[in-house]
Structure formats: C-alpha cells, structure tokens
Amino acid sequence: MKLTIGCDHGGRKLKDAIVKHLREKDIEVVDIGTYTDDSVDFPSYAEEVANQVVSGQSELGILCCGTGIGMSIAANKVDGIRAAVVSDTFSARATREHNNSNILCLGERVIGEGLALLIVDTWLEATFAGDRHKRRLDKITELERK
C-alpha cells in the first residue's frame, strides 16, 4: 500500500508521529509536509494529497491540521475524494465500510497521538462493504458531476 500524508502547521507533530508509525508497519508513505511549525495555508496540502489519491499515485491519503475540518473541506472539493474528519475508532471503521473514504482527516488539537494512531490503524484495516453503500456512493458521484 502507498499512502500520501500532508499537514499544516497545526497538525505537523501528529503527522510526524503517523508517518513514523506507518513506516514501522512497512507502509509506503509519501510525506508532502509541512515540515516546520511556520504558518502555512492548509488548502495547498489538501489539494496535493487529494490529487495524488485521485490520480492513483497513492491508494489513500491522510491530512492533519488543528481540527481536521479545514483539511476535509478543502480535500472534498476535488472530484473523487471522500475525505472524512474522524475522532473515534467507530467512525474510522464506518467511514471506510460505508462511505469508502479515501482520505482520513485528523485534528492534532482534538485527539491525542495514541488515539490518532489507533484511528489510523482501524481506518486502514477496514474495507468498503459495497452492496447498498455502493448505490449511495454512486449518488454522491452524480452530485459531483452536476
């Protein structure tokens, strides 16, 4: 599996912990930054991760900022992206099984590192359930085309 991860200054520490965690699990990670605590504009990072996912350069993406909200709003502007802000393991599993989310958004100021790593693992282990959920995703795709 190949995964692209990005963050703004509000999510850099969490992003760094996730990158280390994933690499220890032998998951290929493309880290697009940011690499410092200097203020940056989160939409640029959301767009880059989203473009890598929709182009197939990466299978999935993770975005971190202060709350995860801004990143998810920006990433969801890219056709084909289903970015979800998650702060618990139940939602992490559900967003993959029911919504086939392809970008996970996490807030460094909302959840601690331990919970974040558990959420990441849960999200990566879950798979899309298909069936009735596919019909609903098809309707989302129709909305993108309008």
# chains A, B, ... in the order shown; residues from 1 in each chain; ligands from 1

$ select_by_dssp --residues "stretch 35-78 of chain A" --states "strand (DSSP E or B)" --output "list in words"
Leu60, Gly61, Ile62, Leu63, Cys64 and Cys65 of chain A

$ closest_atom_pairs --of "stretch 37-119 of chain A" --to "stretch 17-31 of chain A" --cutoff "8 Å" --atoms "only C-alpha atoms" --output "JSON lines"
{"residue": "A:Glu113", "atom": "CA", "partner": "A:Ala17", "partner_atom": "CA", "distance": 7.3}
{"residue": "A:Ala116", "atom": "CA", "partner": "A:Ile18", "partner_atom": "CA", "distance": 8.0}
{"residue": "A:Leu117", "atom": "CA", "partner": "A:Ile18", "partner_atom": "CA", "distance": 6.5}

$ select_by_dssp --residues "stretch 88-123 of chain A" --states "helix (DSSP H, G or I)" --output "tab-separated table (two decimals) with all heavy atoms, in the first residue's frame"
chain	number	residue	atom	x	y	z
A	89	THR	N	-12.68	5.53	16.83
A	89	THR	CA	-12.46	4.33	16.02
A	89	THR	C	-13.73	3.84	15.34
A	89	THR	O	-13.67	3.29	14.24
A	89	THR	CB	-11.84	3.20	16.85
A	89	THR	OG1	-12.69	2.93	17.97
A	89	THR	CG2	-10.45	3.57	17.33
A	90	PHE	N	-14.89	4.04	15.97
A	90	PHE	CA	-16.14	3.61	15.35
A	90	PHE	C	-16.34	4.35	14.02
A	90	PHE	O	-16.65	3.74	13.00
A	90	PHE	CB	-17.34	3.85	16.27
A	90	PHE	CG	-18.65	3.46	15.64
A	90	PHE	CD1	-19.08	2.13	15.67
A	90	PHE	CD2	-19.44	4.40	15.00
A	90	PHE	CE1	-20.27	1.76	15.07
A	90	PHE	CE2	-20.62	4.03	14.39
A	90	PHE	CZ	-21.05	2.71	14.43
A	91	SER	N	-16.15	5.66	14.05
A	91	SER	CA	-16.31	6.45	12.83
A	91	SER	C	-15.23	6.10	11.80
A	91	SER	O	-15.50	6.12	10.59
A	91	SER	CB	-16.25	7.94	13.16
A	91	SER	OG	-17.32	8.30	14.00
A	92	ALA	N	-14.03	5.79	12.27
A	92	ALA	CA	-12.96	5.41	11.35
A	92	ALA	C	-13.34	4.17	10.55
A	92	ALA	O	-13.17	4.12	9.33
A	92	ALA	CB	-11.66	5.17	12.12
A	93	ARG	N	-13.88	3.19	11.24
A	93	ARG	CA	-14.30	1.96	10.56
A	93	ARG	C	-15.50	2.24	9.65
A	93	ARG	O	-15.53	1.84	8.49
A	93	ARG	CB	-14.65	0.88	11.57
A	93	ARG	CG	-15.06	-0.45	10.93
A	93	ARG	CD	-15.18	-1.59	11.93
A	93	ARG	NE	-14.01	-1.75	12.78
A	93	ARG	CZ	-12.83	-2.24	12.39
A	93	ARG	NH1	-12.67	-2.63	11.15
A	93	ARG	NH2	-11.83	-2.35	13.24
A	94	ALA	N	-16.47	2.97	10.16
A	94	ALA	CA	-17.69	3.23	9.39
A	94	ALA	C	-17.42	4.05	8.13
A	94	ALA	O	-18.03	3.79	7.09
A	94	ALA	CB	-18.72	3.95	10.27
A	95	THR	N	-16.52	5.01	8.21
A	95	THR	CA	-16.28	5.84	7.03
A	95	THR	C	-15.61	5.06	5.91
A	95	THR	O	-15.76	5.41	4.74
A	95	THR	CB	-15.51	7.12	7.39
A	95	THR	OG1	-15.61	8.01	6.29
A	95	THR	CG2	-14.05	6.85	7.70
A	96	ARG	N	-14.89	4.01	6.23
A	96	ARG	CA	-14.32	3.14	5.18
A	96	ARG	C	-15.37	2.13	4.72
A	96	ARG	O	-15.56	1.93	3.51
A	96	ARG	CB	-13.09	2.40	5.70
A	96	ARG	CG	-11.88	3.27	5.89
A	96	ARG	CD	-11.16	3.63	4.63
A	96	ARG	NE	-10.43	2.46	4.16
A	96	ARG	CZ	-10.21	2.20	2.88
A	96	ARG	NH1	-10.65	3.00	1.96
A	96	ARG	NH2	-9.55	1.14	2.54
A	97	GLU	N	-16.06	1.49	5.66
A	97	GLU	CA	-17.02	0.45	5.30
A	97	GLU	C	-18.24	1.01	4.57
A	97	GLU	O	-18.73	0.39	3.62
A	97	GLU	CB	-17.47	-0.31	6.55
A	97	GLU	CG	-16.38	-1.17	7.15
A	97	GLU	CD	-16.81	-1.88	8.41
A	97	GLU	OE1	-17.91	-1.59	8.95
A	97	GLU	OE2	-16.02	-2.73	8.90
A	113	GLU	N	-2.12	11.65	20.39
A	113	GLU	CA	-1.35	10.80	19.47
A	113	GLU	C	-1.76	9.34	19.56
A	113	GLU	O	-1.93	8.68	18.53
A	113	GLU	CB	0.14	10.95	19.76
A	113	GLU	CG	1.01	10.12	18.86
A	113	GLU	CD	2.49	10.25	19.20
A	113	GLU	OE1	2.96	11.39	19.40
A	113	GLU	OE2	3.16	9.20	19.26
A	114	GLY	N	-1.93	8.80	20.76
A	114	GLY	CA	-2.28	7.39	20.91
A	114	GLY	C	-3.59	7.05	20.23
A	114	GLY	O	-3.70	6.06	19.51
A	115	LEU	N	-4.60	7.87	20.46
A	115	LEU	CA	-5.89	7.65	19.82
A	115	LEU	C	-5.78	7.83	18.31
A	115	LEU	O	-6.35	7.04	17.54
A	115	LEU	CB	-6.95	8.60	20.39
A	115	LEU	CG	-8.34	8.51	19.76
A	115	LEU	CD1	-8.90	7.09	19.83
A	115	LEU	CD2	-9.28	9.51	20.42
A	116	ALA	N	-5.03	8.81	17.88
A	116	ALA	CA	-4.86	9.04	16.44
A	116	ALA	C	-4.27	7.81	15.75
A	116	ALA	O	-4.74	7.41	14.68
A	116	ALA	CB	-3.98	10.26	16.20
A	117	LEU	N	-3.26	7.21	16.35
A	117	LEU	CA	-2.64	6.03	15.73
A	117	LEU	C	-3.61	4.85	15.70
A	117	LEU	O	-3.64	4.09	14.73
A	117	LEU	CB	-1.35	5.66	16.47
A	117	LEU	CG	-0.25	6.72	16.47
A	117	LEU	CD1	0.96	6.24	17.25
A	117	LEU	CD2	0.11	7.17	15.06
A	118	LEU	N	-4.41	4.71	16.73
A	118	LEU	CA	-5.44	3.67	16.74
A	118	LEU	C	-6.49	3.92	15.65
A	118	LEU	O	-6.93	3.00	14.97
A	118	LEU	CB	-6.09	3.60	18.12
A	118	LEU	CG	-7.07	2.46	18.39
A	118	LEU	CD1	-6.42	1.10	18.14
A	118	LEU	CD2	-7.58	2.55	19.82
A	119	ILE	N	-6.88	5.18	15.48
A	119	ILE	CA	-7.83	5.54	14.42
A	119	ILE	C	-7.24	5.21	13.06
A	119	ILE	O	-7.92	4.63	12.20
A	119	ILE	CB	-8.20	7.03	14.53
A	119	ILE	CG1	-9.10	7.27	15.74
A	119	ILE	CG2	-8.86	7.53	13.25
A	119	ILE	CD1	-9.30	8.73	16.09
A	120	VAL	N	-5.99	5.57	12.84
A	120	VAL	CA	-5.33	5.29	11.56
A	120	VAL	C	-5.33	3.79	11.29
A	120	VAL	O	-5.69	3.34	10.20
A	120	VAL	CB	-3.90	5.87	11.54
A	120	VAL	CG1	-3.10	5.32	10.36
A	120	VAL	CG2	-3.94	7.40	11.49
A	121	ASP	N	-4.94	3.00	12.26
A	121	ASP	CA	-4.91	1.55	12.08
A	121	ASP	C	-6.30	0.99	11.79
A	121	ASP	O	-6.46	0.15	10.91
A	121	ASP	CB	-4.33	0.86	13.33
A	121	ASP	CG	-2.84	1.09	13.49
A	121	ASP	OD1	-2.17	1.52	12.52
A	121	ASP	OD2	-2.33	0.84	14.61
A	122	THR	N	-7.29	1.45	12.51
A	122	THR	CA	-8.66	0.99	12.30
A	122	THR	C	-9.13	1.35	10.90
A	122	THR	O	-9.74	0.52	10.21
A	122	THR	CB	-9.60	1.62	13.36
A	122	THR	OG1	-9.15	1.23	14.66
A	122	THR	CG2	-11.04	1.17	13.17
A	123	TRP	N	-8.86	2.56	10.48
A	123	TRP	CA	-9.26	3.03	9.15
A	123	TRP	C	-8.59	2.22	8.05
A	123	TRP	O	-9.24	1.81	7.09
A	123	TRP	CB	-8.91	4.51	9.03
A	123	TRP	CG	-9.37	5.19	7.78
A	123	TRP	CD1	-10.66	5.48	7.42
A	123	TRP	CD2	-8.54	5.68	6.74
A	123	TRP	NE1	-10.66	6.14	6.21
A	123	TRP	CE2	-9.37	6.27	5.77
A	123	TRP	CE3	-7.17	5.69	6.53
A	123	TRP	CZ2	-8.89	6.86	4.61
A	123	TRP	CZ3	-6.67	6.27	5.38
A	123	TRP	CH2	-7.52	6.85	4.43

$ closest_residue --among "A:Phe128, A:Val49, A:Leu14, A:Ile32" --to "A:Val110" --atoms "only C-alpha atoms"
A:Leu14

$ residues_around --residues "A:Ala46" --least-positions-apart "4" --cutoff "10 Å" --atoms "only C-alpha atoms" --output "VMD selection string"
chain A and resid 5 to 8 41 to 42 50 to 51 61 to 65 70 to 78 83 103 105
